[in-house]
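Here the structure is laid out as structure tokens; the discussion comes afterwards.
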Amino acid sequence: MTAQNPNSYRNQPDDRGHFGQFGGRYVAETLMPLILDLEQEYRRAKADPAFQAEFDDLLEHYVGRPSPLYFAPRLTEELGGAQVWFKRDELNHTGAHKINNCIGQILLAIRMGKTRIIAETGAGQHGVATATVCARFGLPCVIFMGATDVARQAPNVFRMKLLGAEVVPVTAGAATLKDAMNEALRDWVANVHDTFYIIGTAAGPHPYPELVRDFQSVIGKEARAQMLSRTGRLPDLLVAAIGGGSNAIGLFHPFLDDPSVKMLGVEAAGHGLDKEHAASLAGGRPGILHGNKTYLLQDEDGQILEGHSISAGLDYPGIGPEHAWLKESGRVEYTSVTDTEALDAFQLLCRTEGIIPALEPSHAIAAVKKIAPTMPKDAILLANLCGRGDKDIFAVAEHLGVSL
Amino acid sequence: MSARLSAAFAKGHAALVCFVTAGDPTPDATSAILDALVEGGADVIELGMPFTDPMADGPAIQLANLRSLGAGTRTADILRIAKDFRARHPDTPLVLMGYANPMTTRGPEWFADACADAGIDGVICVDIPPEEDAELGPWLRAKGISPIRLATPTTDAARLPAVLDGSSGFLYYVSVAGITGKQSAALDSIEQAMTRIKATATIPVAVGFGVRTPEQAGPIARVADGVVVGSALVDLVAEHGVNAAEPVRKLVSALAEAVHSARKEVA
Ligand SMILES: Cc1ncc(COP(=O)(O)O)c(C=O)c1O
């Protein structure tokens, strides 16, 4: 780490879990002692070579890391600008980047002697990844999932059940990711003595945004080394989709102190920024929810608005606090793409590269489609292909008017 | 701290603290329900500020939040309800209880000013622990409004002083590790917690979460300075809607009798 350098973008958060004015620990008193314990245990784990070795070993032999760094020749040709490369985290066991974080957190849970795991899930990818590590380590697992998402992500619900998890549909609110997170927090306060909450994105009370980022940073660390060894240089632009922001921060963080590398986070503009969307940086303002201060979609009274995205994994009215800080500091740029643009990009990647992406990274690909043509041919653009699209084919078929 | 709050805990008996959600079932119906709380004998009133995401609440209060927001309750309505209450009831302490985002969204200074203007005595913000006190506490204290904190079964002796530091009015002891609702703690665990907390706390301690009946409230009033009842009242509002005032008054009188007559052991 570059913690000694005051000009580094990589030494956040401070010791109270703040990223500038964002982050922090806004939780009910019942949880406070627990998250203080978690922080201490995480500090010990981070300094323990045995913990790192076990994490690395599982990532290599169970998850299948390192994931490939892939140059996409036909997409590059079609777009006619920058070289487009992908970090292939969709090839991970369970089909998305979510498993990287779950491996890290379950090892922490075991260190802390916790015997029951809970998690929230939107698209179901984090739920599947959590159910997977629970099966692997023999711990009971309860997944909270909005009832709307249970309906639109049926294959993942079945996967979680096959893996032995109990899936609890949450009917409050719009019955999506935010409501699932509320319900997971309610379960947690009632079961603090034995339960570990595996949060699925780089958000929530400190130390979650930090530890999720650290576990996901394997993406950026590998990509940086792979790019240097393949091309002898660093990429010019990184692009990643943003729900809560874990795949994006995982890719970006190891490059933050490389000034030549620009970065672009892509939020979900849903039906459009003037309509229903899930772009909290573009359409929200700072507030406090789910344990942290960050940009939120909210009304003047601070009531939280429902996000909307075609992608269940991006359908969240907040964003991880480090992204809020990176936006305000100007180090990372953020943009958004609509449902329709993401659907087009989804099909484009299928057709040009023989890769079916998840709807979440389809948002990143849609941004790539717009930007690559504006960049010179010798420029290198690296996008995070953070999930595969098997789970989405039913939703996509429906949007394309195809009945399966 | 507010004189009204200190007086409420200096009546020679335990205080009955009653919670209802502002704007439930409608902003217009809340005043009659608050009057019923006072008539029934409540010593302190907690007025819940509805929030879209009440993470520490069980189904009863979640639904109350949704009913209130569904009826169009805005922050301005809640402040108006409070101000009108203060005009009708100059002596009954009124505490706002809710979540950080609606409280801080226009800035802490705005909120503290608005509370002072509405005659509010204390504020319980569920998701601002002492670690994040800077978010709201200093502005409340500057206006003489008590930041009221929660202590829970997970708040150990080492942590308790931090929870008490900067808080005033009373300490709200959440007797179960969990959300608001039906689950209740065993009396002996409450008694042990009171002994532990009273060794450190110099402000009154009220016990809540899962207290629904006079039979439960009486024994707690023997060991605590106050007893908080919430979900049971909110359930009556759910059942009786705009006609809830009378059933609420009845339950509160029964609770008040149990709480006020319980002989409080002198610590
Ligand atoms: C494949 C995939 N990508 C991205 C996301 C969004 O999360 P994050 O922004 O934390 O990467 C999800 C969430 O479910 C996902 O499944």
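Ordering of the structure tokens sets the chain letters (A, B, ...); residue numbers start at 1 within each chain; ligands are numbered from 1 in the order shown.
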
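Each residue with an atom within 7 Å of any atom of ligand 1 appears in the list, which was built counting only C-alpha atoms and all ligand atoms: Ala96, His97, Lys98, Thr121, Gly122, Ala123, Gly124, Gln125, His126, Gly200, Thr201, Ala202, Ala241, Ile242, Gly243, Gly244, Gly245, Ser246, Asn247, Ala248, Ala312, Gly313, Leu314, Ala358, Glu360, Pro361, Cys386, Gly387 and Arg388 of chain A.
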
Filtering to N, CA and C atoms, could you give me those residues as a tab-separated table (two decimals), in the first residue's frame?
chain	number	residue	atom	x	y	z
A	96	ALA	N	-19.34	-14.56	-12.02
A	96	ALA	CA	-19.20	-13.12	-11.82
A	96	ALA	C	-18.05	-12.84	-10.85
A	97	HIS	N	-17.77	-11.55	-10.69
A	97	HIS	CA	-16.70	-11.15	-9.77
A	97	HIS	C	-17.09	-11.34	-8.31
A	98	LYS	N	-18.38	-11.51	-8.03
A	98	LYS	CA	-18.86	-11.51	-6.66
A	98	LYS	C	-18.14	-12.54	-5.78
A	121	THR	N	-29.15	-10.01	-1.95
A	121	THR	CA	-28.76	-10.12	-3.34
A	121	THR	C	-29.76	-9.41	-4.24
A	122	GLY	N	-29.27	-8.90	-5.38
A	122	GLY	CA	-30.14	-8.23	-6.34
A	122	GLY	C	-30.32	-9.15	-7.53
A	123	ALA	N	-29.31	-9.19	-8.39
A	123	ALA	CA	-29.35	-10.07	-9.55
A	123	ALA	C	-29.32	-11.54	-9.14
A	124	GLY	N	-28.87	-11.78	-7.93
A	124	GLY	CA	-28.72	-13.16	-7.50
A	124	GLY	C	-27.29	-13.65	-7.61
A	125	GLN	N	-26.43	-12.86	-8.27
A	125	GLN	CA	-25.03	-13.31	-8.42
A	125	GLN	C	-24.33	-13.34	-7.07
A	126	HIS	N	-24.55	-12.31	-6.26
A	126	HIS	CA	-23.92	-12.32	-4.94
A	126	HIS	C	-24.55	-13.41	-4.06
A	200	GLY	N	-22.47	-7.65	-0.33
A	200	GLY	CA	-22.07	-8.00	-1.69
A	200	GLY	C	-21.45	-6.90	-2.51
A	201	THR	N	-21.40	-5.70	-1.98
A	201	THR	CA	-20.78	-4.65	-2.78
A	201	THR	C	-19.97	-3.75	-1.86
A	202	ALA	N	-19.25	-2.80	-2.46
A	202	ALA	CA	-18.32	-1.98	-1.69
A	202	ALA	C	-19.06	-0.84	-1.01
A	241	ALA	N	-18.95	-1.12	-14.97
A	241	ALA	CA	-20.33	-0.84	-14.58
A	241	ALA	C	-20.40	-0.67	-13.06
A	242	ILE	N	-21.38	0.12	-12.62
A	242	ILE	CA	-21.51	0.39	-11.20
A	242	ILE	C	-22.91	0.13	-10.69
A	243	GLY	N	-23.01	-0.84	-9.77
A	243	GLY	CA	-24.24	-1.00	-9.00
A	243	GLY	C	-23.95	-0.34	-7.67
A	244	GLY	N	-23.35	-1.13	-6.76
A	244	GLY	CA	-22.80	-0.55	-5.54
A	244	GLY	C	-21.36	-0.13	-5.76
A	245	GLY	N	-20.73	-0.74	-6.76
A	245	GLY	CA	-19.40	-0.31	-7.16
A	245	GLY	C	-18.27	-1.26	-6.87
A	246	SER	N	-18.55	-2.55	-6.59
A	246	SER	CA	-17.44	-3.42	-6.18
A	246	SER	C	-16.57	-3.88	-7.34
A	247	ASN	N	-17.19	-4.20	-8.49
A	247	ASN	CA	-16.31	-4.63	-9.59
A	247	ASN	C	-15.50	-3.45	-10.09
A	248	ALA	N	-16.12	-2.27	-10.07
A	248	ALA	CA	-15.42	-1.09	-10.56
A	248	ALA	C	-14.25	-0.72	-9.64
A	312	ALA	N	-30.90	-6.18	-12.64
A	312	ALA	CA	-31.22	-6.26	-11.21
A	312	ALA	C	-30.00	-5.94	-10.35
A	313	GLY	N	-28.81	-6.20	-10.87
A	313	GLY	CA	-27.60	-5.96	-10.09
A	313	GLY	C	-27.21	-4.49	-9.99
A	314	LEU	N	-27.81	-3.65	-10.82
A	314	LEU	CA	-27.49	-2.22	-10.78
A	314	LEU	C	-28.62	-1.41	-10.16
A	358	ALA	N	-23.28	-10.49	-18.88
A	358	ALA	CA	-24.39	-10.15	-18.00
A	358	ALA	C	-24.88	-8.75	-18.36
A	360	GLU	N	-25.23	-6.34	-16.37
A	360	GLU	CA	-24.47	-5.32	-15.64
A	360	GLU	C	-23.27	-4.86	-16.47
A	361	PRO	N	-22.33	-5.75	-16.84
A	361	PRO	CA	-21.22	-5.28	-17.68
A	361	PRO	C	-21.67	-4.83	-19.07
A	386	CYS	N	-17.49	-8.31	-15.88
A	386	CYS	CA	-17.56	-8.83	-14.51
A	386	CYS	C	-18.59	-9.94	-14.33
A	387	GLY	N	-19.37	-10.25	-15.38
A	387	GLY	CA	-20.33	-11.34	-15.19
A	387	GLY	C	-20.82	-11.88	-16.52
A	388	ARG	N	-21.19	-13.16	-16.50
A	388	ARG	CA	-21.71	-13.75	-17.74
A	388	ARG	C	-23.23	-13.68	-17.76

Please, which residues in chain A fall within 9 Å of chain B when counting only C-alpha atoms, and what is the closest atom pair and distance in Å to one decimal for each, ordered by chain then residue number, as a Markdown table?
| residue | atom | partner | partner_atom | distance |
| --- | --- | --- | --- | --- |
| A:Arg16 | CA | B:Glu131 | CA | 8.1 |
| A:Gly24 | CA | B:Glu132 | CA | 7.4 |
| A:Arg25 | CA | B:Glu132 | CA | 6.9 |
| A:Tyr26 | CA | B:Asp127 | CA | 5.0 |
| A:Val27 | CA | B:Asp127 | CA | 4.4 |
| A:Ala28 | CA | B:Asp127 | CA | 4.7 |
| A:Glu29 | CA | B:Pro129 | CA | 6.0 |
| A:Thr30 | CA | B:Thr152 | CA | 5.7 |
| A:Leu31 | CA | B:Thr154 | CA | 7.8 |
| A:Met32 | CA | B:Pro129 | CA | 7.4 |
| A:Pro33 | CA | B:Thr154 | CA | 6.6 |
| A:Leu34 | CA | B:Thr154 | CA | 8.2 |
| A:Ala172 | CA | B:Gln62 | CA | 8.6 |
| A:Gly173 | CA | B:Thr52 | CA | 7.8 |
| A:Lys178 | CA | B:Asp53 | CA | 8.3 |
| A:Asp179 | CA | B:Asp53 | CA | 7.6 |
| A:Met181 | CA | B:Met55 | CA | 8.7 |
| A:Asn182 | CA | B:Met55 | CA | 5.1 |
| A:Glu183 | CA | B:Met55 | CA | 7.1 |
| A:Ala184 | CA | B:Met55 | CA | 8.9 |
| A:Leu185 | CA | B:Met55 | CA | 6.5 |
| A:Arg186 | CA | B:Ala56 | CA | 6.0 |
| A:Asp187 | CA | B:Gly178 | CA | 7.7 |
| A:Trp188 | CA | B:Gly178 | CA | 7.9 |
| A:Val189 | CA | B:Gly178 | CA | 4.8 |
| A:Ala190 | CA | B:Gly178 | CA | 3.7 |
| A:Asn191 | CA | B:Gly178 | CA | 7.4 |
| A:Val192 | CA | B:Ala177 | CA | 7.6 |
| A:Pro286 | CA | B:Thr105 | CA | 8.2 |
| A:Gly287 | CA | B:Asn101 | CA | 5.8 |
| A:Ile288 | CA | B:Asn101 | CA | 5.0 |
| A:Leu289 | CA | B:Asn101 | CA | 6.9 |
| A:His290 | CA | B:Met55 | CA | 8.0 |
| A:Gly291 | CA | B:Asp127 | CA | 7.4 |
| A:Glu300 | CA | B:Thr105 | CA | 7.5 |
| A:Asp301 | CA | B:Pro102 | CA | 5.6 |
| A:Gly302 | CA | B:Pro102 | CA | 4.5 |
| A:Gln303 | CA | B:Thr52 | CA | 5.7 |
| A:Ile304 | CA | B:Thr52 | CA | 6.0 |
| A:Leu305 | CA | B:Thr52 | CA | 8.2 |

Grab the residues selected above and save them as a short mmCIF file (atom, residue, chain, number, x, y, z; two decimals), in the first residue's frame with N, CA, C and O atoms.
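Output file result34.cif is given in full below:
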data_model
loop_
_atom_site.label_atom_id
_atom_site.label_comp_id
_atom_site.auth_asym_id
_atom_site.auth_seq_id
_atom_site.Cartn_x
_atom_site.Cartn_y
_atom_site.Cartn_z
N ARG A 16 -11.48 6.25 10.80
CA ARG A 16 -12.89 6.17 11.19
C ARG A 16 -13.77 5.72 10.02
O ARG A 16 -14.99 5.80 10.07
N GLY A 24 -18.14 6.04 6.62
CA GLY A 24 -18.53 6.11 8.02
C GLY A 24 -19.27 4.88 8.51
O GLY A 24 -19.29 3.83 7.83
N ARG A 25 -19.84 5.01 9.72
CA ARG A 25 -20.49 3.86 10.37
C ARG A 25 -21.83 4.29 10.92
O ARG A 25 -21.96 4.55 12.11
N TYR A 26 -22.82 4.41 10.07
CA TYR A 26 -24.14 4.87 10.51
C TYR A 26 -25.04 3.66 10.73
O TYR A 26 -25.84 3.30 9.87
N VAL A 27 -24.84 3.00 11.87
CA VAL A 27 -25.63 1.81 12.16
C VAL A 27 -26.24 1.91 13.54
O VAL A 27 -25.80 2.70 14.38
N ALA A 28 -27.26 1.10 13.77
CA ALA A 28 -27.89 1.01 15.08
C ALA A 28 -26.86 0.52 16.10
O ALA A 28 -25.95 -0.23 15.77
N GLU A 29 -27.05 0.95 17.34
CA GLU A 29 -26.12 0.62 18.41
C GLU A 29 -25.86 -0.89 18.52
O GLU A 29 -24.73 -1.31 18.77
N THR A 30 -26.89 -1.70 18.31
CA THR A 30 -26.72 -3.15 18.43
C THR A 30 -25.58 -3.65 17.54
O THR A 30 -24.86 -4.58 17.91
N LEU A 31 -25.44 -3.03 16.37
CA LEU A 31 -24.43 -3.51 15.43
C LEU A 31 -23.05 -2.91 15.68
O LEU A 31 -22.05 -3.44 15.20
N MET A 32 -23.02 -1.80 16.39
CA MET A 32 -21.75 -1.07 16.51
C MET A 32 -20.61 -1.91 17.08
O MET A 32 -19.54 -1.97 16.49
N PRO A 33 -20.84 -2.60 18.23
CA PRO A 33 -19.73 -3.39 18.77
C PRO A 33 -19.25 -4.45 17.77
O PRO A 33 -18.06 -4.72 17.66
N LEU A 34 -20.21 -4.99 17.01
CA LEU A 34 -19.87 -6.03 16.06
C LEU A 34 -19.01 -5.51 14.91
O LEU A 34 -18.04 -6.14 14.49
N ALA A 172 -41.20 -5.85 1.05
CA ALA A 172 -41.30 -4.43 1.39
C ALA A 172 -40.86 -3.56 0.22
O ALA A 172 -40.09 -3.99 -0.63
N GLY A 173 -41.37 -2.33 0.17
CA GLY A 173 -40.95 -1.35 -0.83
C GLY A 173 -41.17 -1.86 -2.24
O GLY A 173 -42.19 -2.48 -2.55
N LYS A 178 -32.43 -2.80 -2.40
CA LYS A 178 -32.41 -1.96 -1.19
C LYS A 178 -33.26 -2.58 -0.08
O LYS A 178 -32.87 -2.58 1.09
N ASP A 179 -34.39 -3.14 -0.45
CA ASP A 179 -35.27 -3.75 0.53
C ASP A 179 -34.67 -5.04 1.08
O ASP A 179 -34.81 -5.36 2.25
N MET A 181 -31.53 -5.50 1.42
CA MET A 181 -30.46 -5.08 2.33
C MET A 181 -31.06 -4.67 3.69
O MET A 181 -30.51 -5.00 4.75
N ASN A 182 -32.18 -3.96 3.68
CA ASN A 182 -32.86 -3.62 4.95
C ASN A 182 -33.16 -4.88 5.74
O ASN A 182 -32.94 -4.95 6.94
N GLU A 183 -33.69 -5.88 5.04
CA GLU A 183 -34.11 -7.09 5.72
C GLU A 183 -32.90 -7.86 6.25
O GLU A 183 -32.96 -8.44 7.34
N ALA A 184 -31.82 -7.86 5.50
CA ALA A 184 -30.60 -8.52 5.98
C ALA A 184 -30.09 -7.82 7.24
O ALA A 184 -29.69 -8.47 8.22
N LEU A 185 -30.15 -6.48 7.25
CA LEU A 185 -29.71 -5.74 8.44
C LEU A 185 -30.60 -6.06 9.64
O LEU A 185 -30.12 -6.19 10.77
N ARG A 186 -31.90 -6.23 9.39
CA ARG A 186 -32.82 -6.57 10.49
C ARG A 186 -32.50 -7.96 11.04
O ARG A 186 -32.52 -8.17 12.26
N ASP A 187 -32.22 -8.88 10.15
CA ASP A 187 -31.85 -10.21 10.61
C ASP A 187 -30.56 -10.14 11.43
O ASP A 187 -30.44 -10.75 12.49
N TRP A 188 -29.63 -9.34 10.94
CA TRP A 188 -28.31 -9.25 11.59
C TRP A 188 -28.43 -8.71 13.01
O TRP A 188 -27.87 -9.28 13.94
N VAL A 189 -29.19 -7.63 13.21
CA VAL A 189 -29.30 -7.09 14.58
C VAL A 189 -29.92 -8.10 15.52
O VAL A 189 -29.64 -8.09 16.72
N ALA A 190 -30.76 -8.98 14.98
CA ALA A 190 -31.41 -9.95 15.85
C ALA A 190 -30.54 -11.18 16.10
O ALA A 190 -30.84 -11.99 16.97
N ASN A 191 -29.48 -11.32 15.34
CA ASN A 191 -28.66 -12.54 15.43
C ASN A 191 -27.17 -12.26 15.50
O ASN A 191 -26.36 -13.06 15.03
N VAL A 192 -26.83 -11.10 16.08
CA VAL A 192 -25.42 -10.69 16.08
C VAL A 192 -24.47 -11.72 16.69
O VAL A 192 -23.32 -11.81 16.28
N PRO A 286 -25.69 13.66 -1.68
CA PRO A 286 -25.21 12.93 -0.52
C PRO A 286 -26.28 12.74 0.56
O PRO A 286 -27.12 13.62 0.79
N GLY A 287 -26.24 11.59 1.19
CA GLY A 287 -27.17 11.27 2.27
C GLY A 287 -26.66 10.04 3.00
O GLY A 287 -25.55 9.57 2.74
N ILE A 288 -27.49 9.52 3.92
CA ILE A 288 -27.07 8.40 4.77
C ILE A 288 -28.05 7.25 4.61
O ILE A 288 -29.25 7.42 4.84
N LEU A 289 -27.55 6.10 4.21
CA LEU A 289 -28.38 4.91 4.10
C LEU A 289 -27.49 3.67 4.23
O LEU A 289 -26.36 3.67 3.75
N HIS A 290 -28.06 2.64 4.84
CA HIS A 290 -27.36 1.36 4.93
C HIS A 290 -25.95 1.50 5.50
O HIS A 290 -25.01 0.87 5.02
N GLY A 291 -25.83 2.35 6.50
CA GLY A 291 -24.57 2.40 7.23
C GLY A 291 -23.53 3.35 6.70
O GLY A 291 -22.49 3.52 7.34
N GLU A 300 -36.61 15.67 -1.50
CA GLU A 300 -36.11 16.79 -0.67
C GLU A 300 -36.14 16.46 0.81
O GLU A 300 -35.38 17.03 1.60
N ASP A 301 -37.06 15.57 1.22
CA ASP A 301 -37.16 15.21 2.63
C ASP A 301 -36.18 14.11 3.02
O ASP A 301 -36.19 13.66 4.16
N GLY A 302 -35.38 13.64 2.07
CA GLY A 302 -34.45 12.56 2.39
C GLY A 302 -35.10 11.19 2.38
O GLY A 302 -34.54 10.23 2.91
N GLN A 303 -36.29 11.10 1.79
CA GLN A 303 -36.89 9.77 1.59
C GLN A 303 -36.21 9.15 0.36
O GLN A 303 -35.98 9.82 -0.64
N ILE A 304 -35.89 7.86 0.48
CA ILE A 304 -35.12 7.20 -0.58
C ILE A 304 -36.05 6.83 -1.73
O ILE A 304 -37.16 6.32 -1.52
N LEU A 305 -35.59 7.10 -2.94
CA LEU A 305 -36.38 6.76 -4.13
C LEU A 305 -35.98 5.37 -4.63
O LEU A 305 -34.86 4.93 -4.41
#

Measuring atom to atom with only C-alpha atoms, identify which of B:Ala245, B:Gly98, B:Arg80, B:Asp235 is nearest to B:Gly119.
-> B:Arg80
